[in-house]
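Engineer: Got a file for you: work23.cif, mmCIF, C-alpha atoms and all ligand atoms; chains and numbers go by the auth columns.
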data_structure
#
loop_
_atom_site.group_PDB
_atom_site.id
_atom_site.type_symbol
_atom_site.label_atom_id
_atom_site.label_comp_id
_atom_site.label_asym_id
_atom_site.label_seq_id
_atom_site.Cartn_x
_atom_site.Cartn_y
_atom_site.Cartn_z
_atom_site.B_iso_or_equiv
_atom_site.auth_seq_id
_atom_site.auth_asym_id
ATOM 1 C CA MET A 1 17.794 -30.036 -7.612 0.00 507 A
ATOM 2 C CA ARG A 2 18.588 -26.802 -5.795 0.00 508 A
ATOM 3 C CA PHE A 3 17.871 -23.343 -7.170 0.00 509 A
ATOM 4 C CA VAL A 4 18.537 -19.695 -6.395 0.00 510 A
ATOM 5 C CA LEU A 5 15.706 -17.183 -6.200 0.00 511 A
ATOM 6 C CA VAL A 6 17.138 -13.841 -7.322 0.00 512 A
ATOM 7 C CA THR A 7 15.321 -10.783 -5.986 0.00 513 A
ATOM 8 C CA THR A 8 16.104 -7.556 -4.183 0.00 514 A
ATOM 9 C CA ASN A 9 12.518 -7.335 -2.937 0.00 515 A
ATOM 10 C CA LYS A 10 12.057 -8.746 0.583 0.00 516 A
ATOM 11 C CA GLY A 11 8.272 -8.826 0.268 0.00 517 A
ATOM 12 C CA LYS A 12 8.472 -10.986 -2.829 0.00 518 A
ATOM 13 C CA ALA A 13 11.045 -13.213 -1.181 0.00 519 A
ATOM 14 C CA SER A 14 8.742 -13.917 1.810 0.00 520 A
ATOM 15 C CA GLU A 15 5.773 -14.684 -0.408 0.00 521 A
ATOM 16 C CA PHE A 16 7.754 -17.127 -2.558 0.00 522 A
ATOM 17 C CA SER A 17 9.386 -18.701 0.503 0.00 523 A
ATOM 18 C CA GLU A 18 6.028 -19.493 2.068 0.00 524 A
ATOM 19 C CA ILE A 19 4.966 -21.402 -1.066 0.00 525 A
ATOM 20 C CA PHE A 20 8.269 -23.142 -1.697 0.00 526 A
ATOM 21 C CA ARG A 21 8.337 -24.303 1.931 0.00 527 A
ATOM 22 C CA GLU A 22 5.009 -26.073 1.320 0.00 528 A
ATOM 23 C CA TYR A 23 6.767 -28.013 -1.427 0.00 529 A
ATOM 24 C CA GLY A 24 9.880 -28.652 0.643 0.00 530 A
ATOM 25 C CA PHE A 25 12.175 -27.121 -1.997 0.00 531 A
ATOM 26 C CA ASN A 26 15.862 -26.581 -1.404 0.00 532 A
ATOM 27 C CA PHE A 27 16.525 -22.981 -2.447 0.00 533 A
ATOM 28 C CA ARG A 28 18.324 -19.870 -1.349 0.00 534 A
ATOM 29 C CA ILE A 29 17.602 -16.199 -1.913 0.00 535 A
ATOM 30 C CA GLU A 30 20.173 -13.992 -3.632 0.00 536 A
ATOM 31 C CA PRO A 31 19.465 -10.236 -3.349 0.00 537 A
ATOM 32 C CA MET A 32 21.207 -9.426 -6.622 0.00 538 A
ATOM 33 C CA ALA A 33 19.917 -6.653 -8.891 0.00 539 A
ATOM 34 C CA THR A 34 19.483 -7.734 -12.504 0.00 540 A
ATOM 35 C CA PRO A 35 19.082 -5.343 -15.438 0.00 541 A
ATOM 36 C CA GLU A 36 15.465 -4.713 -16.462 0.00 542 A
ATOM 37 C CA ILE A 37 15.182 -4.089 -20.181 0.00 543 A
ATOM 38 C CA GLN A 38 12.472 -1.731 -21.486 0.00 544 A
ATOM 39 C CA GLU A 39 9.812 -4.044 -22.866 0.00 545 A
ATOM 40 C CA ASP A 40 6.024 -4.257 -22.773 0.00 546 A
ATOM 41 C CA ASP A 41 6.039 -7.966 -22.121 0.00 547 A
ATOM 42 C CA LEU A 42 6.947 -9.049 -18.563 0.00 548 A
ATOM 43 C CA ARG A 43 7.992 -12.461 -19.880 0.00 549 A
ATOM 44 C CA LYS A 44 10.694 -10.894 -22.060 0.00 550 A
ATOM 45 C CA ILE A 45 11.989 -8.832 -19.132 0.00 551 A
ATOM 46 C CA ALA A 46 12.102 -11.908 -16.884 0.00 552 A
ATOM 47 C CA ARG A 47 13.805 -13.926 -19.622 0.00 553 A
ATOM 48 C CA TYR A 48 16.577 -11.363 -20.024 0.00 554 A
ATOM 49 C CA SER A 49 17.051 -11.085 -16.247 0.00 555 A
ATOM 50 C CA VAL A 50 17.251 -14.837 -15.666 0.00 556 A
ATOM 51 C CA LEU A 51 19.870 -15.345 -18.362 0.00 557 A
ATOM 52 C CA TYR A 52 21.886 -12.482 -16.907 0.00 558 A
ATOM 53 C CA ALA A 53 21.599 -13.948 -13.390 0.00 559 A
ATOM 54 C CA TYR A 54 22.611 -17.401 -14.619 0.00 560 A
ATOM 55 C CA LYS A 55 25.744 -16.009 -16.290 0.00 561 A
ATOM 56 C CA VAL A 56 26.787 -14.489 -12.971 0.00 562 A
ATOM 57 C CA LEU A 57 25.754 -17.272 -10.584 0.00 563 A
ATOM 58 C CA ARG A 58 26.149 -20.419 -12.696 0.00 564 A
ATOM 59 C CA GLU A 59 23.452 -22.185 -10.671 0.00 565 A
ATOM 60 C CA PRO A 60 19.808 -23.016 -11.521 0.00 566 A
ATOM 61 C CA VAL A 61 18.105 -19.661 -11.117 0.00 567 A
ATOM 62 C CA LEU A 62 14.599 -18.215 -10.786 0.00 568 A
ATOM 63 C CA VAL A 63 13.607 -14.564 -11.258 0.00 569 A
ATOM 64 C CA GLU A 64 10.282 -12.761 -11.379 0.00 570 A
ATOM 65 C CA ASP A 65 9.107 -9.664 -13.130 0.00 571 A
ATOM 66 C CA ALA A 66 5.766 -8.327 -11.930 0.00 572 A
ATOM 67 C CA GLY A 67 3.591 -5.312 -12.621 0.00 573 A
ATOM 68 C CA LEU A 68 0.288 -3.575 -11.960 0.00 574 A
ATOM 69 C CA PHE A 69 -1.820 -2.888 -15.062 0.00 575 A
ATOM 70 C CA ILE A 70 -4.591 -0.297 -14.607 0.00 576 A
ATOM 71 C CA LYS A 71 -7.309 -0.391 -17.278 0.00 577 A
ATOM 72 C CA ALA A 72 -8.310 3.274 -17.089 0.00 578 A
ATOM 73 C CA LEU A 73 -4.633 4.216 -17.565 0.00 579 A
ATOM 74 C CA ASN A 74 -4.237 1.942 -20.612 0.00 580 A
ATOM 75 C CA GLY A 75 -2.205 -0.583 -18.637 0.00 581 A
ATOM 76 C CA PHE A 76 0.083 1.922 -16.877 0.00 582 A
ATOM 77 C CA PRO A 77 2.345 1.424 -14.908 0.00 583 A
ATOM 78 C CA GLY A 78 2.660 -2.207 -16.177 0.00 584 A
ATOM 79 C CA PRO A 79 6.316 -3.066 -16.860 0.00 585 A
ATOM 80 C CA TYR A 80 7.365 0.263 -15.322 0.00 586 A
ATOM 81 C CA SER A 81 5.778 -0.526 -11.939 0.00 587 A
ATOM 82 C CA SER A 82 9.042 -0.559 -10.037 0.00 588 A
ATOM 83 C CA TYR A 83 10.115 2.856 -11.340 0.00 589 A
ATOM 84 C CA VAL A 84 6.654 4.353 -10.914 0.00 590 A
ATOM 85 C CA TYR A 85 6.433 3.060 -7.347 0.00 591 A
ATOM 86 C CA GLU A 86 9.769 4.692 -6.526 0.00 592 A
ATOM 87 C CA THR A 87 8.869 8.004 -8.202 0.00 593 A
ATOM 88 C CA ILE A 88 5.161 8.943 -7.914 0.00 594 A
ATOM 89 C CA GLY A 89 4.282 6.017 -5.627 0.00 595 A
ATOM 90 C CA VAL A 90 0.868 4.992 -4.348 0.00 596 A
ATOM 91 C CA GLU A 91 -0.251 8.622 -3.872 0.00 597 A
ATOM 92 C CA GLY A 92 0.717 9.457 -7.454 0.00 598 A
ATOM 93 C CA ILE A 93 -1.365 6.595 -8.817 0.00 599 A
ATOM 94 C CA LEU A 94 -4.349 7.654 -6.700 0.00 600 A
ATOM 95 C CA LYS A 95 -4.015 11.189 -8.100 0.00 601 A
ATOM 96 C CA LEU A 96 -4.062 9.856 -11.660 0.00 602 A
ATOM 97 C CA MET A 97 -7.197 7.896 -10.719 0.00 603 A
ATOM 98 C CA GLU A 98 -9.070 10.877 -9.205 0.00 604 A
ATOM 99 C CA GLY A 99 -12.658 10.920 -10.454 0.00 605 A
ATOM 100 C CA VAL A 100 -12.222 7.610 -12.288 0.00 606 A
ATOM 101 C CA VAL A 101 -15.227 5.368 -11.641 0.00 607 A
ATOM 102 C CA ARG A 102 -14.138 2.187 -13.425 0.00 608 A
ATOM 103 C CA ARG A 103 -11.092 1.183 -11.387 0.00 609 A
ATOM 104 C CA ASP A 104 -10.356 -2.284 -12.778 0.00 610 A
ATOM 105 C CA ALA A 105 -6.750 -3.393 -12.566 0.00 611 A
ATOM 106 C CA ARG A 106 -4.690 -6.549 -12.650 0.00 612 A
ATOM 107 C CA PHE A 107 -1.412 -7.698 -11.254 0.00 613 A
ATOM 108 C CA GLU A 108 0.702 -9.928 -13.448 0.00 614 A
ATOM 109 C CA SER A 109 3.737 -12.029 -12.651 0.00 615 A
ATOM 110 C CA ALA A 110 6.180 -13.664 -15.038 0.00 616 A
ATOM 111 C CA LEU A 111 8.608 -16.166 -13.556 0.00 617 A
ATOM 112 C CA ALA A 112 11.636 -17.285 -15.496 0.00 618 A
ATOM 113 C CA PHE A 113 13.697 -20.317 -14.551 0.00 619 A
ATOM 114 C CA TYR A 114 16.969 -21.322 -16.175 0.00 620 A
ATOM 115 C CA SER A 115 19.252 -24.280 -15.698 0.00 621 A
ATOM 116 C CA PRO A 116 21.404 -25.929 -18.363 0.00 622 A
ATOM 117 C CA LEU A 117 19.416 -29.117 -17.886 0.00 623 A
ATOM 118 C CA THR A 118 15.941 -27.664 -18.388 0.00 624 A
ATOM 119 C CA GLU A 119 16.912 -24.549 -20.362 0.00 625 A
ATOM 120 C CA LEU A 120 14.499 -21.638 -20.133 0.00 626 A
ATOM 121 C CA LYS A 121 11.008 -22.067 -18.663 0.00 627 A
ATOM 122 C CA ILE A 122 8.450 -19.284 -18.142 0.00 628 A
ATOM 123 C CA PHE A 123 5.406 -19.393 -15.823 0.00 629 A
ATOM 124 C CA THR A 124 2.821 -16.643 -15.528 0.00 630 A
ATOM 125 C CA GLY A 125 0.111 -15.701 -13.050 0.00 631 A
ATOM 126 C CA ALA A 126 -2.431 -12.897 -12.857 0.00 632 A
ATOM 127 C CA VAL A 127 -5.086 -11.578 -10.496 0.00 633 A
ATOM 128 C CA GLU A 128 -7.956 -9.283 -11.444 0.00 634 A
ATOM 129 C CA GLY A 129 -9.137 -6.625 -9.046 0.00 635 A
ATOM 130 C CA SER A 130 -9.608 -2.905 -8.566 0.00 636 A
ATOM 131 C CA ILE A 131 -7.844 0.198 -7.268 0.00 637 A
ATOM 132 C CA SER A 132 -9.199 1.426 -3.920 0.00 638 A
ATOM 133 C CA GLU A 133 -10.163 5.071 -3.327 0.00 639 A
ATOM 134 C CA GLU A 134 -7.547 5.425 -0.588 0.00 640 A
ATOM 135 C CA PRO A 135 -4.602 3.369 0.742 0.00 641 A
ATOM 136 C CA ARG A 136 -5.554 0.753 3.349 0.00 642 A
ATOM 137 C CA GLY A 137 -3.459 -1.667 5.401 0.00 643 A
ATOM 138 C CA ARG A 138 0.131 -1.972 6.521 0.00 644 A
ATOM 139 C CA GLY A 139 1.154 -5.383 5.202 0.00 645 A
ATOM 140 C CA GLY A 140 2.825 -6.405 1.964 0.00 646 A
ATOM 141 C CA PHE A 141 4.771 -3.974 -0.215 0.00 647 A
ATOM 142 C CA GLY A 142 4.529 -1.752 -3.278 0.00 648 A
ATOM 143 C CA PHE A 143 0.996 -1.132 -4.492 0.00 649 A
ATOM 144 C CA ASP A 144 -0.576 -3.577 -2.003 0.00 650 A
ATOM 145 C CA PRO A 145 -2.396 -0.806 -0.036 0.00 651 A
ATOM 146 C CA ILE A 146 -4.474 0.167 -3.102 0.00 652 A
ATOM 147 C CA PHE A 147 -5.180 -3.191 -4.759 0.00 653 A
ATOM 148 C CA ILE A 148 -8.362 -5.121 -3.908 0.00 654 A
ATOM 149 C CA PRO A 149 -8.454 -8.544 -5.574 0.00 655 A
ATOM 150 C CA ASP A 150 -11.801 -9.733 -6.927 0.00 656 A
ATOM 151 C CA GLY A 151 -13.493 -11.959 -4.345 0.00 657 A
ATOM 152 C CA SER A 152 -12.313 -9.889 -1.365 0.00 658 A
ATOM 153 C CA VAL A 153 -13.155 -6.545 0.212 0.00 659 A
ATOM 154 C CA LYS A 154 -9.660 -6.177 1.649 0.00 660 A
ATOM 155 C CA THR A 155 -6.631 -4.662 -0.025 0.00 661 A
ATOM 156 C CA PHE A 156 -3.558 -6.902 -0.286 0.00 662 A
ATOM 157 C CA ALA A 157 -1.966 -4.777 2.465 0.00 663 A
ATOM 158 C CA GLU A 158 -4.836 -5.694 4.820 0.00 664 A
ATOM 159 C CA MET A 159 -4.200 -9.414 4.327 0.00 665 A
ATOM 160 C CA SER A 160 -1.794 -11.777 6.028 0.00 666 A
ATOM 161 C CA LEU A 161 0.906 -13.243 3.821 0.00 667 A
ATOM 162 C CA GLU A 162 -0.996 -16.559 3.658 0.00 668 A
ATOM 163 C CA GLU A 163 -4.185 -14.751 2.632 0.00 669 A
ATOM 164 C CA LYS A 164 -2.436 -12.733 -0.077 0.00 670 A
ATOM 165 C CA ASN A 165 -0.947 -15.993 -1.355 0.00 671 A
ATOM 166 C CA ARG A 166 -4.468 -17.368 -1.846 0.00 672 A
ATOM 167 C CA PHE A 167 -5.156 -14.648 -4.416 0.00 673 A
ATOM 168 C CA SER A 168 -1.961 -13.243 -5.802 0.00 674 A
ATOM 169 C CA HIS A 169 -0.476 -13.242 -9.289 0.00 675 A
ATOM 170 C CA ARG A 170 2.859 -14.264 -7.732 0.00 676 A
ATOM 171 C CA ALA A 171 1.404 -17.231 -5.851 0.00 677 A
ATOM 172 C CA ARG A 172 -0.333 -18.434 -9.014 0.00 678 A
ATOM 173 C CA ALA A 173 2.858 -18.287 -11.054 0.00 679 A
ATOM 174 C CA ALA A 174 4.882 -19.767 -8.171 0.00 680 A
ATOM 175 C CA ARG A 175 2.551 -22.759 -7.856 0.00 681 A
ATOM 176 C CA LYS A 176 2.746 -23.429 -11.604 0.00 682 A
ATOM 177 C CA PHE A 177 6.526 -23.378 -11.333 0.00 683 A
ATOM 178 C CA ALA A 178 6.456 -25.566 -8.203 0.00 684 A
ATOM 179 C CA GLU A 179 4.215 -28.206 -9.782 0.00 685 A
ATOM 180 C CA TRP A 180 6.600 -28.422 -12.740 0.00 686 A
ATOM 181 C CA PHE A 181 9.756 -28.262 -10.647 0.00 687 A
ATOM 182 C CA LYS A 182 8.721 -31.084 -8.354 0.00 688 A
ATOM 183 C CA THR A 183 8.489 -33.410 -11.351 0.00 689 A
ATOM 184 C CA LEU A 184 12.229 -32.906 -11.912 0.00 690 A
ATOM 185 C CA LYS A 185 12.766 -35.093 -8.874 0.00 691 A
ATOM 186 C CA THR A 186 12.037 -38.023 -11.130 0.00 692 A
ATOM 187 C CA LEU A 187 15.211 -37.297 -13.122 0.00 693 A
ATOM 188 C CA PRO A 188 18.220 -39.621 -12.854 0.00 694 A
ATOM 189 C CA PRO A 189 20.144 -39.199 -9.545 0.00 695 A
ATOM 190 C CA ILE A 190 23.046 -37.549 -11.364 0.00 696 A
ATOM 191 C CA TYR A 191 20.877 -34.422 -11.686 0.00 697 A
ATOM 192 C CA GLN A 192 19.722 -34.373 -8.078 0.00 698 A
ATOM 193 C CA ASP A 193 21.197 -33.039 -4.830 0.00 699 A
HETATM 194 P P1 LIG B . 13.300 -7.558 -8.127 0.00 1 B
HETATM 195 O O1 LIG B . 13.283 -7.136 -9.589 0.00 1 B
HETATM 196 O O2 LIG B . 14.653 -7.412 -7.501 0.00 1 B
HETATM 197 O O3 LIG B . 12.710 -8.920 -7.913 0.00 1 B
HETATM 198 P P2 LIG B . 11.392 -5.374 -7.836 0.00 1 B
HETATM 199 O O4 LIG B . 10.667 -4.801 -6.668 0.00 1 B
HETATM 200 O O5 LIG B . 12.166 -4.421 -8.703 0.00 1 B
HETATM 201 O O6 LIG B . 12.352 -6.537 -7.297 0.00 1 B
HETATM 202 P P3 LIG B . 9.719 -5.940 -10.119 0.00 1 B
HETATM 203 O O7 LIG B . 10.659 -5.412 -11.117 0.00 1 B
HETATM 204 O O8 LIG B . 9.002 -7.200 -10.437 0.00 1 B
HETATM 205 O O9 LIG B . 10.391 -6.198 -8.692 0.00 1 B
HETATM 206 O O10 LIG B . 8.804 -4.706 -9.792 0.00 1 B
HETATM 207 C C1 LIG B . 7.532 -4.779 -9.696 0.00 1 B
HETATM 208 C C2 LIG B . 7.009 -3.576 -8.925 0.00 1 B
HETATM 209 O O11 LIG B . 5.596 -3.718 -9.056 0.00 1 B
HETATM 210 C C3 LIG B . 7.330 -3.671 -7.444 0.00 1 B
HETATM 211 O O12 LIG B . 8.416 -2.866 -7.059 0.00 1 B
HETATM 212 C C4 LIG B . 6.033 -3.166 -6.822 0.00 1 B
HETATM 213 O O13 LIG B . 6.025 -1.767 -6.730 0.00 1 B
HETATM 214 C C5 LIG B . 4.986 -3.616 -7.821 0.00 1 B
HETATM 215 N N1 LIG B . 4.473 -4.948 -7.448 0.00 1 B
HETATM 216 C C6 LIG B . 4.732 -6.154 -8.013 0.00 1 B
HETATM 217 N N2 LIG B . 4.121 -7.153 -7.363 0.00 1 B
HETATM 218 C C7 LIG B . 3.471 -6.563 -6.342 0.00 1 B
HETATM 219 C C8 LIG B . 2.680 -7.040 -5.297 0.00 1 B
HETATM 220 O O14 LIG B . 2.460 -8.327 -5.105 0.00 1 B
HETATM 221 N N3 LIG B . 2.167 -6.150 -4.459 0.00 1 B
HETATM 222 C C9 LIG B . 2.382 -4.826 -4.602 0.00 1 B
HETATM 223 N N4 LIG B . 3.133 -4.286 -5.539 0.00 1 B
HETATM 224 C C10 LIG B . 3.684 -5.148 -6.412 0.00 1 B
#
Could you express the structure from this file as structure tokens?
Structural biologist:
Amino acid sequence: MRFVLVTTNKGKASEFSEIFREYGFNFRIEPMATPEIQEDDLRKIARYSVLYAYKVLREPVLVEDAGLFIKALNGFPGPYSSYVYETIGVEGILKLMEGVVRRDARFESALAFYSPLTELKIFTGAVEGSISEEPRGRGGFGFDPIFIPDGSVKTFAEMSLEEKNRFSHRARAARKFAEWFKTLKTLPPIYQD
């Protein structure tokens, strides 16, 4: 079964592609913007987006909603990560964190898949870590230069794509999806490519 990965974010697209290639999946990337409802729960945002994308594309579709949750800021920017990145950005977050000693944070990813055959499926992934004192590294995207996952001394932006995929929220959710999706190959041939 083929599917469409809907995202406008090239960084996300590369990270997913690397994992889906491992599984030999047949997918394409559609850079279509989907509406993001205001919600605290990433799963609800992803659910709304995937149903919207399906109505437009009429093909099995996968979307992700992700966010950075900073403990000292009561979970901010969380579901508003995209907007916060585009407005105050990495420097703005570091300003809010000035003088903060406990810098624990986590990235979360919620993946939503929809096809008429399977209906709606949600997969989540998270990675615990901390916010660095200053931005480091040139790789990745978004808040990668200030996020250090537990178990590493590097920020995500200092890692190669493969290395980030060993830790990231997105990779964890993507692998859960992939393990489930590959079992669909056992469906009757009528449902397959
Ligand atoms: P699509 O909705 O089109 O997929 P987006 O960039 O708007 O792209 P999200 O709504 O999931 O994606 O936004 C999450 C924001 O959180 C994203 O723009 C980044 O600023 C940040 N973010 C999410 N995952 C990240 C990661 O792995 N590394 C760094 N920042 C990340």
Engineer: Determine the residue set returned by the PyMOL selection byres (((chain A and resi 584) around 8) and not hetatm) for the present structure, and present it as a compact mmCIF listing (two decimals) with C-alpha atoms, keeping the file's coordinate frame.
Structural biologist:
# COMPACT_ATOMS: atom_id res chain seq x y z
CA ASP A 546 6.02 -4.26 -22.77
CA GLY A 573 3.59 -5.31 -12.62
CA LEU A 574 0.29 -3.58 -11.96
CA PHE A 575 -1.82 -2.89 -15.06
CA ILE A 576 -4.59 -0.30 -14.61
CA GLY A 581 -2.20 -0.58 -18.64
CA PHE A 582 0.08 1.92 -16.88
CA PRO A 583 2.35 1.42 -14.91
CA PRO A 585 6.32 -3.07 -16.86
CA TYR A 586 7.36 0.26 -15.32
CA SER A 587 5.78 -0.53 -11.94
Engineer: Name the residues in contact with range 523-539 of chain A at a cut-off of 9 Å, using all atoms listed in the file, excluding same-chain residues fewer than 6 positions from it; report them as a list in words.
Structural biologist: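 These residues fall inside the cut-off: Met507, Arg508, Phe509, Val510, Leu511, Val512, Thr513, Thr514, Asn515, Lys516, Ala559, Leu667, Glu668, Asn671, Ala677, Ala680, Arg681, Ala684, Glu685 and Lys688 of chain A.
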Engineer: In the coordinates of the file, take the point (-15.0, 7.5, -9.5) and a cut-off of 12 Å; then, counting only C-alpha atoms, name each qualifying protein, DNA or RNA residue as a PyMOL selection string.
Structural biologist: chain A and resi 578+600-610+636-640
Engineer: Nearest residue to ligand LIG 1 (chain B) out of A:Phe619, A:Phe649, A:Tyr589, A:Tyr554, using all atoms listed in the file?
Structural biologist: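 Comparing A:Phe619, A:Phe649, A:Tyr589, A:Tyr554 against ligand LIG 1 (chain B), the winner is A:Phe649.
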Engineer: Between A:Ile594, A:Ala519, A:Val659, A:Ala572, which is the closest to ligand LIG 1 (chain B) once you count only C-alpha atoms and all ligand atoms?
Structural biologist: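 Nearest to ligand LIG 1 (chain B): A:Ala572.
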Engineer: Looking at A:Tyr558, A:Phe613, A:Phe653, A:Tyr591, which one is nearest to Pro641 in chain A, with distances taken over only C-alpha atoms?
Structural biologist: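 Among the listed residues, the smallest separation from Pro641 in chain A belongs to A:Phe653.
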Engineer: Applied to the shown file, which residues does the PyMOL selection byres (((chain A and resi 645-648) around 7) and not hetatm) return, written as a ChimeraX atom specification?
Structural biologist: /A:517,591,643-644,649-650,662-665
Engineer: Keeping only C-alpha atoms, write those residues as a short mmCIF file (atom, residue, chain, number, x, y, z; two decimals), keeping the file's coordinate frame.
Structural biologist:
data_model
loop_
_atom_site.label_atom_id
_atom_site.label_comp_id
_atom_site.auth_asym_id
_atom_site.auth_seq_id
_atom_site.Cartn_x
_atom_site.Cartn_y
_atom_site.Cartn_z
CA GLY A 517 8.27 -8.83 0.27
CA TYR A 591 6.43 3.06 -7.35
CA GLY A 643 -3.46 -1.67 5.40
CA ARG A 644 0.13 -1.97 6.52
CA PHE A 649 1.00 -1.13 -4.49
CA ASP A 650 -0.58 -3.58 -2.00
CA PHE A 662 -3.56 -6.90 -0.29
CA ALA A 663 -1.97 -4.78 2.46
CA GLU A 664 -4.84 -5.69 4.82
CA MET A 665 -4.20 -9.41 4.33
#
Engineer: Counting all atoms listed in the file, figure out which residue out of A:Pro541, A:Arg564, A:Thr689, A:Arg553 gets nearest to Ser621 in chain A.
Structural biologist: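 Nearest to Ser621 in chain A: A:Arg564.
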Engineer: Report the residues retrieved by the PyMOL selection byres (((chain A and resi 570) around 6) and not hetatm) from the displayed file, expressed as a PDB file with C-alpha atoms, in the frame of the given file.
Structural biologist:
ATOM      1  CA  ALA A 552      12.102 -11.908 -16.884  1.00  0.00           C
ATOM      2  CA  VAL A 569      13.607 -14.564 -11.258  1.00  0.00           C
ATOM      3  CA  ASP A 571       9.107  -9.664 -13.130  1.00  0.00           C
ATOM      4  CA  ALA A 616       6.180 -13.664 -15.038  1.00  0.00           C
ATOM      5  CA  LEU A 617       8.608 -16.166 -13.556  1.00  0.00           C
TER       6      LEU A 617
END
Engineer: Quick one: what's the axis-aligned box for range 643-656 of chain A, all listed atoms, 3 Å on every side, centre and edges in Å to one decimal, as lines of an AutoDock Vina configuration file?
Structural biologist:
center_x = -3.5
center_y = -4.8
center_z = -0.2
size_x = 22.6
size_y = 15.9
size_z = 19.4
Engineer: Suppose you want the space between CA of Ser615 in chain A and CA of Leu548 in chain A; what is it in Å?
Structural biologist: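 Separating CA of Ser615 in chain A from CA of Leu548 in chain A is a distance of 7.4 Å.
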Engineer: The residues within 12 Å of (-12.2, -10.7, -6.7), using all atoms listed in the file and the coordinates of the file, should be reported as a PyMOL selection string; which are they?
Structural biologist: chain A and resi 610-612+632-637+653-662+670+672-674
Engineer: What does the distance from atom O14 of ligand LIG 1 (chain B) to CA of Val567 in chain A come to in Å, to one decimal?
Structural biologist: 20.2 Å
Engineer: Given all atoms listed in the file as the basis, pick out the residue of A:Leu579, A:Glu592, A:Leu690, A:Val556 nearest to ligand LIG 1 (chain B).
Structural biologist: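 Nearest to ligand LIG 1 (chain B): A:Glu592.
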Engineer: Just to confirm, what's the straight-line distance from CA of Ile543 in chain A to CA of Leu563 in chain A in Å (one decimal)?
Structural biologist: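 Rounded to one decimal, the two atoms are 19.4 Å apart.
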Engineer: Just checking: using all atoms listed in the file, which residue out of A:Lys550, A:Phe683, A:Ile652, A:Ala618 ends up closest to Val596 in chain A?
Structural biologist: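 Nearest to Val596 in chain A: A:Ile652.
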Engineer: Write out as a list of chain:residue names the residues lying within 7 Å of Glu542 in chain A, counting only C-alpha atoms and excluding same-chain residues fewer than 2 positions away.
Structural biologist: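 Neighbouring residues, sequence-local ones excluded: A:Thr540, A:Gln544, A:Ile551, A:Ser555.
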Engineer: Write a file for range 648-660 of chain A of the given structure; include N, CA and C atoms and format it as a PDB file, in the first residue's frame.
Structural biologist:
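File out22.pdb, as written:
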ATOM      1  N   GLY A 648      14.524  24.152  13.023  1.00  0.00           N
ATOM      2  CA  GLY A 648      13.758  24.575  14.196  1.00  0.00           C
ATOM      3  C   GLY A 648      14.623  24.746  15.439  1.00  0.00           C
ATOM      4  N   PHE A 649      14.194  24.113  16.520  1.00  0.00           N
ATOM      5  CA  PHE A 649      14.883  24.270  17.799  1.00  0.00           C
ATOM      6  C   PHE A 649      16.065  23.301  17.976  1.00  0.00           C
ATOM      7  N   ASP A 650      16.477  22.635  16.919  1.00  0.00           N
ATOM      8  CA  ASP A 650      17.589  21.680  17.018  1.00  0.00           C
ATOM      9  C   ASP A 650      18.865  22.269  17.641  1.00  0.00           C
ATOM     10  N   PRO A 651      19.226  23.544  17.342  1.00  0.00           N
ATOM     11  CA  PRO A 651      20.487  24.059  17.913  1.00  0.00           C
ATOM     12  C   PRO A 651      20.481  24.213  19.433  1.00  0.00           C
ATOM     13  N   ILE A 652      19.311  24.130  20.079  1.00  0.00           N
ATOM     14  CA  ILE A 652      19.301  24.327  21.544  1.00  0.00           C
ATOM     15  C   ILE A 652      18.779  23.103  22.303  1.00  0.00           C
ATOM     16  N   PHE A 653      18.588  21.994  21.603  1.00  0.00           N
ATOM     17  CA  PHE A 653      18.067  20.803  22.304  1.00  0.00           C
ATOM     18  C   PHE A 653      19.134  19.714  22.382  1.00  0.00           C
ATOM     19  N   ILE A 654      19.465  19.315  23.620  1.00  0.00           N
ATOM     20  CA  ILE A 654      20.428  18.233  23.852  1.00  0.00           C
ATOM     21  C   ILE A 654      19.667  17.020  24.393  1.00  0.00           C
ATOM     22  N   PRO A 655      19.569  15.955  23.611  1.00  0.00           N
ATOM     23  CA  PRO A 655      18.825  14.790  24.123  1.00  0.00           C
ATOM     24  C   PRO A 655      19.603  14.099  25.242  1.00  0.00           C
ATOM     25  N   ASP A 656      18.904  13.542  26.201  1.00  0.00           N
ATOM     26  CA  ASP A 656      19.566  12.767  27.254  1.00  0.00           C
ATOM     27  C   ASP A 656      20.376  11.656  26.604  1.00  0.00           C
ATOM     28  N   GLY A 657      21.591  11.423  27.129  1.00  0.00           N
ATOM     29  CA  GLY A 657      22.436  10.365  26.561  1.00  0.00           C
ATOM     30  C   GLY A 657      23.420  10.906  25.541  1.00  0.00           C
ATOM     31  N   SER A 658      23.386  12.223  25.289  1.00  0.00           N
ATOM     32  CA  SER A 658      24.350  12.833  24.367  1.00  0.00           C
ATOM     33  C   SER A 658      24.831  14.154  24.961  1.00  0.00           C
ATOM     34  N   VAL A 659      25.976  14.635  24.458  1.00  0.00           N
ATOM     35  CA  VAL A 659      26.416  15.973  24.858  1.00  0.00           C
ATOM     36  C   VAL A 659      26.190  16.949  23.707  1.00  0.00           C
ATOM     37  N   LYS A 660      25.796  16.405  22.557  1.00  0.00           N
ATOM     38  CA  LYS A 660      25.584  17.241  21.377  1.00  0.00           C
ATOM     39  C   LYS A 660      24.153  17.741  21.315  1.00  0.00           C
TER      40      LYS A 660
END
